[in-house]
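Below is one structure, written out as structure tokens; comments come after it.
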Amino acid sequence: MTSTYAVLSEGLAKRFGSGESAVSALRGLDLAIPRGTVCGLLGPNGAGKTT
């Protein structure tokens, strides 16, 4: 079985810290990138692109 997506994410979440001081960086992210698609992530230095 082959997927039509190179990347498929549903409901992705990322939190930093714990308890009351926790910060949500992502909440409920859905991402579908079809096979053969070229895409890039742009942003200034220090913006957290590799995080």
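Labeling convention for the structure tokens: chains A, B, ... as they appear, residues from 1 per chain, ligands from 1 in order of appearance.
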
>> Let's see if you can do this: from backbone DSSP, list all strand (DSSP E) residues in chain A, as a PyMOL selection string.
In response: chain A and resi 5-16+23-34

> So which residues touch stretch 2-15 of chain A within 12 Å, counting only C-alpha atoms, skipping near sequence neighbours fewer than 3 positions away, as number ranges by chain?
Replying inline: A: 18-39, 51

Would you export the selected residues with C-alpha atoms as a PDB file, in the first residue's frame, please?
ATOM      1  CA  SER A  18       4.590  21.853  32.271  1.00  0.00           C
ATOM      2  CA  GLY A  19       1.700  22.704  34.519  1.00  0.00           C
ATOM      3  CA  GLU A  20       0.327  26.242  34.683  1.00  0.00           C
ATOM      4  CA  SER A  21       3.388  27.752  32.973  1.00  0.00           C
ATOM      5  CA  ALA A  22       3.221  25.455  29.897  1.00  0.00           C
ATOM      6  CA  VAL A  23       3.086  27.202  26.526  1.00  0.00           C
ATOM      7  CA  SER A  24       1.457  25.671  23.443  1.00  0.00           C
ATOM      8  CA  ALA A  25       3.558  26.253  20.326  1.00  0.00           C
ATOM      9  CA  LEU A  26       1.251  24.133  18.126  1.00  0.00           C
ATOM     10  CA  ARG A  27      -2.281  22.943  18.755  1.00  0.00           C
ATOM     11  CA  GLY A  28      -4.352  20.876  16.327  1.00  0.00           C
ATOM     12  CA  LEU A  29      -2.115  21.320  13.264  1.00  0.00           C
ATOM     13  CA  ASP A  30      -3.215  19.324  10.213  1.00  0.00           C
ATOM     14  CA  LEU A  31      -0.661  19.132   7.404  1.00  0.00           C
ATOM     15  CA  ALA A  32      -0.765  17.100   4.179  1.00  0.00           C
ATOM     16  CA  ILE A  33       2.075  17.369   1.652  1.00  0.00           C
ATOM     17  CA  PRO A  34       1.542  15.240  -1.472  1.00  0.00           C
ATOM     18  CA  ARG A  35       4.382  13.157  -2.907  1.00  0.00           C
ATOM     19  CA  GLY A  36       6.447  15.069  -5.464  1.00  0.00           C
ATOM     20  CA  THR A  37       5.679  18.467  -3.932  1.00  0.00           C
ATOM     21  CA  VAL A  38       8.570  20.845  -3.320  1.00  0.00           C
ATOM     22  CA  CYS A  39       8.097  23.111  -0.315  1.00  0.00           C
ATOM     23  CA  THR A  51      12.244  23.239  16.317  1.00  0.00           C
TER      24      THR A  51
END
